Amino acid sequence: MTPRPAPAELYVEVQQFYARQMHLLDAGRLDEFAGTFTPDGSHQPSPDKPPAYGRADIVAAIRQFDERYRDDPVVRRHWFNMLCVAPDDDGSIRADYYALVVATRPGVQPIIPTSCLVHDVLHRVEGRLYVRSRRIDHDQSRVVQLAGASRG
Amino acid sequence: MTPRPAPAELYVEVQQFYARQMHLLDAGRLDEFAGTFTPDGSHQPSPDKPPAYGRADIVAAIRQFDERYRDDPVVRRHWFNMLCVAPDDDGSIRADYYALVVATRPGVQPIIPTSCLVHDVLHRVEGRLYVRSRRIDHDQSRVVQLAGASRG
Amino acid sequence: MTPRPAPAELYVEVQQFYARQMHLLDAGRLDEFAGTFTPDGSHQPSPDKPPAYGRADIVAAIRQFDERYRDDPVVRRHWFNMLCVAPDDDGSIRADYYALVVATRPGVQPIIPTSCLVHDVLHRVEGRLYVRSRRIDHDQSRVVQLAGASRG
């Protein structure tokens, strides 16, 4: 069964939502970034970690992550692509897409530290989109599983 | 002559078509991937190789390629970008775009093994898009030609 | 204040404009590339350099840059992503987006020499979009500033 394509208006709205959300994240505007989640929204950075629930915990988890890079100046850009958008019957919207991070450090060319497959559920509240849940599957975790399976 | 932009509905439909097509390919769902080509569709992986014609041969060529990586666990993500869409008078659609592969292997950061310029012709059959032909020009081949020309 | 999303028609028109513009640039069709700027358009390749004004000077600056790579065959692809489009009240359009270059040289895998944040102002003239001004902020410059600030 081939899914029906999403209407152009919705698809473009989701593209713009993600563009703005990542500009906020990468500029360190974390409270505004968290404001793009529903108040009870969840953010699971990898399948083996518990999700953060709610905007305050989402910000706290990112600050904790960033703390590791306190003495390691880096500019990160999150890139999303190959976006699949599927409206559900209950009014929520599933979005599945590829993501990678482009990280620039002083004096060396940019690297891609991570490539992921991301699964979002978006809700519309008073006309605007918000992330209700985000699950991030890292290709690194998946390939380690593949390697284990091929050895096993 | 500047080409007229494609209508938004068509452009977004093509974006969604490619997103879904690459999710299928990268998940190893090869029969479904091949089903995004017309039954007589062609897939030419590089200008110096003959194209595969038809869904069965397209799948066979990919399996043969993947066989080389049997003992080399890798997760690949195909990224498309800078998409130009031009409807032709005969109802077919030309799509020209950049593509790269992001490849993740255990314990090392992702690499970009290949960057390409891709030329597709899409057909619409019973309301749905299919690839009628795909030609892939690898930047690696092109730069080797450039290097030869500058030495010559 | 959350900006209103741009209408789908406009957003897709900008996507197509950039796709075509970068295909021209990366194919070395510099006069056509410069023709995507208004006659008085400006192009500032980095904050510490003066902008080029007008199509002839934009082409000259690119030729001067390319001259450095005369004996270094390379295929470059410019990728844009995470595009934010905001129509202004005066009819101009602000576009802010991420950009990177994928560079392929003979015999080695592609690299990403540069990652940037780009700020454009687009004008519509007789129905078509043109760049009125482009300012490019390199992540490398920004991270060097960050490193200086964290040491300071």
# chains A, B, ... in the order shown; residues from 1 in each chain; ligands from 1

$ interface_residues --of "chain C" --to "chain B" --cutoff "10 Å" --atoms "only C-alpha atoms" --output "ChimeraX atom specification"
/C:8-23,32,36,70-81,102-112,128

$ select_by_dssp --residues "range 2-32 of chain C" --states "helix (DSSP H, G or I)" --output "list in words"
Ala8, Glu9, Leu10, Tyr11, Val12, Glu13, Val14, Gln15, Gln16, Phe17, Tyr18, Ala19, Arg20, Gln21, Met22, His23, Leu24, Leu25, Asp26, Leu30, Asp31 and Glu32 of chain C

$ write_last_selection --atoms "N, CA and C atoms" --output "short mmCIF file (atom, residue, chain, number, x, y, z; two decimals), in the first residue's frame"
data_model
loop_
_atom_site.label_atom_id
_atom_site.label_comp_id
_atom_site.auth_asym_id
_atom_site.auth_seq_id
_atom_site.Cartn_x
_atom_site.Cartn_y
_atom_site.Cartn_z
N ALA C 8 2.56 28.14 0.69
CA ALA C 8 3.26 27.04 0.03
C ALA C 8 3.78 27.45 -1.34
N GLU C 9 2.97 28.19 -2.10
CA GLU C 9 3.40 28.58 -3.45
C GLU C 9 4.71 29.37 -3.41
N LEU C 10 4.79 30.31 -2.46
CA LEU C 10 6.01 31.12 -2.36
C LEU C 10 7.19 30.27 -1.89
N TYR C 11 6.95 29.45 -0.88
CA TYR C 11 8.05 28.65 -0.32
C TYR C 11 8.65 27.75 -1.40
N VAL C 12 7.79 27.11 -2.16
CA VAL C 12 8.25 26.20 -3.21
C VAL C 12 8.92 26.99 -4.33
N GLU C 13 8.43 28.16 -4.62
CA GLU C 13 9.06 28.99 -5.65
C GLU C 13 10.50 29.34 -5.23
N VAL C 14 10.69 29.64 -3.95
CA VAL C 14 12.04 29.96 -3.47
C VAL C 14 12.92 28.71 -3.53
N GLN C 15 12.39 27.55 -3.15
CA GLN C 15 13.17 26.31 -3.25
C GLN C 15 13.64 26.08 -4.68
N GLN C 16 12.73 26.26 -5.63
CA GLN C 16 13.08 26.03 -7.03
C GLN C 16 14.08 27.07 -7.53
N PHE C 17 13.89 28.30 -7.08
CA PHE C 17 14.82 29.37 -7.47
C PHE C 17 16.24 29.00 -7.03
N TYR C 18 16.39 28.55 -5.78
CA TYR C 18 17.72 28.20 -5.28
C TYR C 18 18.28 26.96 -5.98
N ALA C 19 17.43 25.99 -6.25
CA ALA C 19 17.91 24.78 -6.93
C ALA C 19 18.51 25.17 -8.28
N ARG C 20 17.74 25.95 -9.05
CA ARG C 20 18.23 26.36 -10.36
C ARG C 20 19.48 27.22 -10.24
N GLN C 21 19.47 28.14 -9.27
CA GLN C 21 20.62 29.04 -9.11
C GLN C 21 21.90 28.26 -8.82
N MET C 22 21.81 27.23 -7.98
CA MET C 22 23.01 26.47 -7.63
C MET C 22 23.43 25.53 -8.75
N HIS C 23 22.47 24.98 -9.51
CA HIS C 23 22.85 24.20 -10.68
C HIS C 23 23.68 25.07 -11.64
N LEU C 24 23.26 26.33 -11.82
CA LEU C 24 24.01 27.23 -12.70
C LEU C 24 25.42 27.48 -12.14
N LEU C 25 25.50 27.82 -10.86
CA LEU C 25 26.79 28.13 -10.25
C LEU C 25 27.73 26.92 -10.34
N ASP C 26 27.21 25.74 -9.97
CA ASP C 26 28.08 24.56 -9.90
C ASP C 26 28.46 24.04 -11.28
N LEU C 30 28.44 31.10 -15.05
CA LEU C 30 28.52 32.21 -14.10
C LEU C 30 27.69 33.41 -14.53
N ASP C 31 27.61 33.66 -15.84
CA ASP C 31 26.80 34.81 -16.26
C ASP C 31 25.32 34.57 -15.97
N GLU C 32 24.88 33.33 -16.19
CA GLU C 32 23.49 33.02 -15.86
C GLU C 32 23.27 33.05 -14.35
#

$ residues_around --residues "Ala86 in chain C" --least-positions-apart "5" --cutoff "7 Å" --atoms "only C-alpha atoms" --output "PyMOL selection string"
chain C and resi 6+93-95

$ select_by_dssp --residues "range 1-148 of chain A" --states "strand (DSSP E or B)" --output "PyMOL selection string"
chain A and resi 37-44+52-53+75-87+93-104+111-125+128-138

$ write_last_selection --atoms "C-alpha atoms" --output "PDB file, in the first residue's frame"
ATOM      1  CA  PHE A  37       6.984  20.919  21.617  1.00  0.00           C
ATOM      2  CA  THR A  38       3.550  20.504  23.183  1.00  0.00           C
ATOM      3  CA  PRO A  39       3.632  21.144  26.958  1.00  0.00           C
ATOM      4  CA  ASP A  40       3.545  17.365  27.515  1.00  0.00           C
ATOM      5  CA  GLY A  41       5.802  16.635  24.523  1.00  0.00           C
ATOM      6  CA  SER A  42       8.516  13.988  24.679  1.00  0.00           C
ATOM      7  CA  HIS A  43      12.018  13.910  23.221  1.00  0.00           C
ATOM      8  CA  GLN A  44      13.921  10.640  23.117  1.00  0.00           C
ATOM      9  CA  ALA A  52      12.533  13.750  28.418  1.00  0.00           C
ATOM     10  CA  TYR A  53       8.925  14.804  29.042  1.00  0.00           C
ATOM     11  CA  VAL A  75      29.002  25.215  15.808  1.00  0.00           C
ATOM     12  CA  ARG A  76      26.389  22.592  15.053  1.00  0.00           C
ATOM     13  CA  ARG A  77      23.826  22.632  12.239  1.00  0.00           C
ATOM     14  CA  HIS A  78      21.003  20.115  12.157  1.00  0.00           C
ATOM     15  CA  TRP A  79      19.987  19.105   8.642  1.00  0.00           C
ATOM     16  CA  PHE A  80      16.700  17.273   7.950  1.00  0.00           C
ATOM     17  CA  ASN A  81      15.863  15.653   4.635  1.00  0.00           C
ATOM     18  CA  MET A  82      13.863  12.953   2.846  1.00  0.00           C
ATOM     19  CA  LEU A  83      10.806  14.005   4.808  1.00  0.00           C
ATOM     20  CA  CYS A  84       7.743  11.721   4.794  1.00  0.00           C
ATOM     21  CA  VAL A  85       4.578  13.360   6.136  1.00  0.00           C
ATOM     22  CA  ALA A  86       1.450  11.304   6.863  1.00  0.00           C
ATOM     23  CA  PRO A  87      -1.674  12.835   8.408  1.00  0.00           C
ATOM     24  CA  ILE A  93       0.667  14.037  11.779  1.00  0.00           C
ATOM     25  CA  ARG A  94       3.442  11.508  11.539  1.00  0.00           C
ATOM     26  CA  ALA A  95       6.738  12.766  10.129  1.00  0.00           C
ATOM     27  CA  ASP A  96       9.689  10.479   9.434  1.00  0.00           C
ATOM     28  CA  TYR A  97      12.916  11.901   8.088  1.00  0.00           C
ATOM     29  CA  TYR A  98      16.679  11.667   7.901  1.00  0.00           C
ATOM     30  CA  ALA A  99      18.746  13.985  10.046  1.00  0.00           C
ATOM     31  CA  LEU A 100      22.398  14.695  10.357  1.00  0.00           C
ATOM     32  CA  VAL A 101      24.562  17.113  12.260  1.00  0.00           C
ATOM     33  CA  VAL A 102      27.252  19.217  10.583  1.00  0.00           C
ATOM     34  CA  ALA A 103      29.787  20.248  13.237  1.00  0.00           C
ATOM     35  CA  THR A 104      32.435  22.918  12.689  1.00  0.00           C
ATOM     36  CA  ILE A 111      32.488  16.825  10.130  1.00  0.00           C
ATOM     37  CA  ILE A 112      29.249  14.845  10.301  1.00  0.00           C
ATOM     38  CA  PRO A 113      29.307  13.329  13.773  1.00  0.00           C
ATOM     39  CA  THR A 114      25.928  11.654  13.468  1.00  0.00           C
ATOM     40  CA  SER A 115      23.313  10.439  10.986  1.00  0.00           C
ATOM     41  CA  CYS A 116      19.829   9.474  12.203  1.00  0.00           C
ATOM     42  CA  LEU A 117      16.335   8.422  11.282  1.00  0.00           C
ATOM     43  CA  VAL A 118      13.809  10.496  13.246  1.00  0.00           C
ATOM     44  CA  HIS A 119      10.156   9.698  13.992  1.00  0.00           C
ATOM     45  CA  ASP A 120       7.950  12.594  15.063  1.00  0.00           C
ATOM     46  CA  VAL A 121       4.298  12.895  15.925  1.00  0.00           C
ATOM     47  CA  LEU A 122       3.073  16.453  15.408  1.00  0.00           C
ATOM     48  CA  HIS A 123      -0.079  17.978  16.868  1.00  0.00           C
ATOM     49  CA  ARG A 124      -1.860  21.097  15.740  1.00  0.00           C
ATOM     50  CA  VAL A 125      -2.911  23.420  18.567  1.00  0.00           C
ATOM     51  CA  ARG A 128       0.082  25.849  14.906  1.00  0.00           C
ATOM     52  CA  LEU A 129       2.220  22.729  14.734  1.00  0.00           C
ATOM     53  CA  TYR A 130       4.024  21.309  17.761  1.00  0.00           C
ATOM     54  CA  VAL A 131       6.038  18.142  18.346  1.00  0.00           C
ATOM     55  CA  ARG A 132       4.114  15.734  20.546  1.00  0.00           C
ATOM     56  CA  SER A 133       6.849  13.105  20.488  1.00  0.00           C
ATOM     57  CA  ARG A 134      10.262  12.711  18.880  1.00  0.00           C
ATOM     58  CA  ARG A 135      12.165   9.441  18.729  1.00  0.00           C
ATOM     59  CA  ILE A 136      15.687   9.451  17.272  1.00  0.00           C
ATOM     60  CA  ASP A 137      17.236   6.266  15.870  1.00  0.00           C
ATOM     61  CA  HIS A 138      20.979   6.654  15.379  1.00  0.00           C
TER      62      HIS A 138
END

$ atom_distance --atom1 "CA of Asp88 in chain C" --atom2 "CA of Ala61 in chain C"
29.3 Å

$ atom_distance --atom1 "CA of Gly28 in chain B" --atom2 "CA of Pro45 in chain A"
24.3 Å

$ atom_distance --atom1 "CA of Glu67 in chain A" --atom2 "CA of Asp48 in chain A"
20.5 Å

$ decode --residues "range 90-131 of chain C" --atoms "N, CA and C atoms" --output "JSON list (two decimals), in the first residue's frame"
[["chain", "number", "residue", "atom", "x", "y", "z"],
["C", 90, "ASP", "N", 7.20, 45.31, 2.61],
["C", 90, "ASP", "CA", 7.54, 46.11, 1.43],
["C", 90, "ASP", "C", 7.61, 45.26, 0.15],
["C", 91, "GLY", "N", 7.20, 43.99, 0.23],
["C", 91, "GLY", "CA", 7.18, 43.15, -0.96],
["C", 91, "GLY", "C", 8.45, 42.35, -1.14],
["C", 92, "SER", "N", 9.50, 42.67, -0.39],
["C", 92, "SER", "CA", 10.71, 41.85, -0.49],
["C", 92, "SER", "C", 10.54, 40.61, 0.40],
["C", 93, "ILE", "N", 11.43, 39.67, 0.22],
["C", 93, "ILE", "CA", 11.31, 38.37, 0.90],
["C", 93, "ILE", "C", 12.65, 38.08, 1.56],
["C", 94, "ARG", "N", 12.62, 37.84, 2.85],
["C", 94, "ARG", "CA", 13.85, 37.42, 3.53],
["C", 94, "ARG", "C", 13.93, 35.90, 3.50],
["C", 95, "ALA", "N", 15.10, 35.38, 3.22],
["C", 95, "ALA", "CA", 15.33, 33.94, 3.23],
["C", 95, "ALA", "C", 16.62, 33.66, 3.99],
["C", 96, "ASP", "N", 16.51, 32.84, 5.02],
["C", 96, "ASP", "CA", 17.67, 32.47, 5.85],
["C", 96, "ASP", "C", 17.78, 30.97, 5.82],
["C", 97, "TYR", "N", 18.98, 30.46, 5.56],
["C", 97, "TYR", "CA", 19.11, 29.02, 5.37],
["C", 97, "TYR", "C", 20.53, 28.57, 5.64],
["C", 98, "TYR", "N", 20.67, 27.25, 5.82],
["C", 98, "TYR", "CA", 21.97, 26.64, 5.96],
["C", 98, "TYR", "C", 22.49, 26.28, 4.57],
["C", 99, "ALA", "N", 23.80, 26.36, 4.42],
["C", 99, "ALA", "CA", 24.41, 25.97, 3.15],
["C", 99, "ALA", "C", 25.70, 25.23, 3.44],
["C", 100, "LEU", "N", 25.98, 24.26, 2.63],
["C", 100, "LEU", "CA", 27.30, 23.66, 2.68],
["C", 100, "LEU", "C", 27.75, 23.32, 1.28],
["C", 101, "VAL", "N", 29.04, 23.11, 1.16],
["C", 101, "VAL", "CA", 29.63, 22.74, -0.11],
["C", 101, "VAL", "C", 30.11, 21.30, -0.01],
["C", 102, "VAL", "N", 29.77, 20.49, -1.00],
["C", 102, "VAL", "CA", 30.31, 19.14, -1.11],
["C", 102, "VAL", "C", 31.32, 19.18, -2.25],
["C", 103, "ALA", "N", 32.58, 18.89, -1.94],
["C", 103, "ALA", "CA", 33.66, 19.02, -2.94],
["C", 103, "ALA", "C", 34.26, 17.65, -3.22],
["C", 104, "THR", "N", 34.32, 17.30, -4.50],
["C", 104, "THR", "CA", 34.87, 16.01, -4.92],
["C", 104, "THR", "C", 36.15, 16.25, -5.70],
["C", 105, "ARG", "N", 37.21, 15.55, -5.29],
["C", 105, "ARG", "CA", 38.49, 15.60, -6.00],
["C", 105, "ARG", "C", 38.87, 14.19, -6.45],
["C", 106, "PRO", "N", 39.77, 14.09, -7.45],
["C", 106, "PRO", "CA", 40.07, 12.76, -8.02],
["C", 106, "PRO", "C", 40.60, 11.77, -6.97],
["C", 107, "GLY", "N", 40.01, 10.62, -6.93],
["C", 107, "GLY", "CA", 40.56, 9.52, -6.15],
["C", 107, "GLY", "C", 40.29, 9.53, -4.66],
["C", 108, "VAL", "N", 39.63, 10.58, -4.18],
["C", 108, "VAL", "CA", 39.31, 10.62, -2.75],
["C", 108, "VAL", "C", 37.83, 10.88, -2.56],
["C", 109, "GLN", "N", 37.31, 10.50, -1.40],
["C", 109, "GLN", "CA", 35.88, 10.70, -1.18],
["C", 109, "GLN", "C", 35.56, 12.17, -0.96],
["C", 110, "PRO", "N", 34.32, 12.57, -1.23],
["C", 110, "PRO", "CA", 33.94, 13.98, -1.11],
["C", 110, "PRO", "C", 34.16, 14.51, 0.31],
["C", 111, "ILE", "N", 34.48, 15.77, 0.39],
["C", 111, "ILE", "CA", 34.59, 16.45, 1.67],
["C", 111, "ILE", "C", 33.62, 17.63, 1.71],
["C", 112, "ILE", "N", 33.40, 18.12, 2.92],
["C", 112, "ILE", "CA", 32.58, 19.31, 3.13],
["C", 112, "ILE", "C", 33.52, 20.42, 3.57],
["C", 113, "PRO", "N", 34.01, 21.24, 2.64],
["C", 113, "PRO", "CA", 34.98, 22.24, 3.07],
["C", 113, "PRO", "C", 34.37, 23.36, 3.90],
["C", 114, "THR", "N", 33.06, 23.59, 3.78],
["C", 114, "THR", "CA", 32.50, 24.75, 4.46],
["C", 114, "THR", "C", 31.01, 24.57, 4.77],
["C", 115, "SER", "N", 30.62, 25.07, 5.93],
["C", 115, "SER", "CA", 29.22, 25.10, 6.37],
["C", 115, "SER", "C", 28.90, 26.54, 6.76],
["C", 116, "CYS", "N", 27.74, 27.03, 6.31],
["C", 116, "CYS", "CA", 27.42, 28.46, 6.46],
["C", 116, "CYS", "C", 25.96, 28.67, 6.85],
["C", 117, "LEU", "N", 25.71, 29.87, 7.35],
["C", 117, "LEU", "CA", 24.36, 30.39, 7.50],
["C", 117, "LEU", "C", 24.25, 31.56, 6.52],
["C", 118, "VAL", "N", 23.24, 31.54, 5.65],
["C", 118, "VAL", "CA", 23.13, 32.55, 4.60],
["C", 118, "VAL", "C", 21.86, 33.37, 4.80],
["C", 119, "HIS", "N", 22.01, 34.67, 4.57],
["C", 119, "HIS", "CA", 20.89, 35.61, 4.71],
["C", 119, "HIS", "C", 20.67, 36.30, 3.38],
["C", 120, "ASP", "N", 19.55, 36.04, 2.76],
["C", 120, "ASP", "CA", 19.23, 36.66, 1.47],
["C", 120, "ASP", "C", 18.05, 37.62, 1.62],
["C", 121, "VAL", "N", 18.06, 38.65, 0.79],
["C", 121, "VAL", "CA", 16.83, 39.42, 0.53],
["C", 121, "VAL", "C", 16.52, 39.24, -0.94],
["C", 122, "LEU", "N", 15.31, 38.75, -1.21],
["C", 122, "LEU", "CA", 14.87, 38.51, -2.58],
["C", 122, "LEU", "C", 13.87, 39.59, -2.99],
["C", 123, "HIS", "N", 13.96, 39.98, -4.26],
["C", 123, "HIS", "CA", 12.97, 40.90, -4.83],
["C", 123, "HIS", "C", 12.28, 40.20, -5.99],
["C", 124, "ARG", "N", 11.02, 40.60, -6.19],
["C", 124, "ARG", "CA", 10.30, 40.09, -7.35],
["C", 124, "ARG", "C", 10.23, 41.19, -8.40],
["C", 125, "VAL", "N", 10.69, 40.88, -9.60],
["C", 125, "VAL", "CA", 10.68, 41.83, -10.70],
["C", 125, "VAL", "C", 9.98, 41.17, -11.88],
["C", 126, "GLU", "N", 8.90, 41.81, -12.34],
["C", 126, "GLU", "CA", 8.09, 41.26, -13.45],
["C", 126, "GLU", "C", 7.80, 39.77, -13.23],
["C", 127, "GLY", "N", 7.43, 39.46, -12.01],
["C", 127, "GLY", "CA", 6.96, 38.10, -11.70],
["C", 127, "GLY", "C", 8.03, 37.10, -11.31],
["C", 128, "ARG", "N", 9.30, 37.49, -11.47],
["C", 128, "ARG", "CA", 10.38, 36.54, -11.17],
["C", 128, "ARG", "C", 11.17, 36.97, -9.93],
["C", 129, "LEU", "N", 11.73, 35.97, -9.24],
["C", 129, "LEU", "CA", 12.55, 36.24, -8.07],
["C", 129, "LEU", "C", 14.00, 36.53, -8.48],
["C", 130, "TYR", "N", 14.61, 37.45, -7.75],
["C", 130, "TYR", "CA", 16.04, 37.74, -7.89],
["C", 130, "TYR", "C", 16.62, 37.98, -6.48],
["C", 131, "VAL", "N", 17.92, 37.74, -6.35],
["C", 131, "VAL", "CA", 18.58, 38.07, -5.09],
["C", 131, "VAL", "C", 18.96, 39.55, -5.11]]
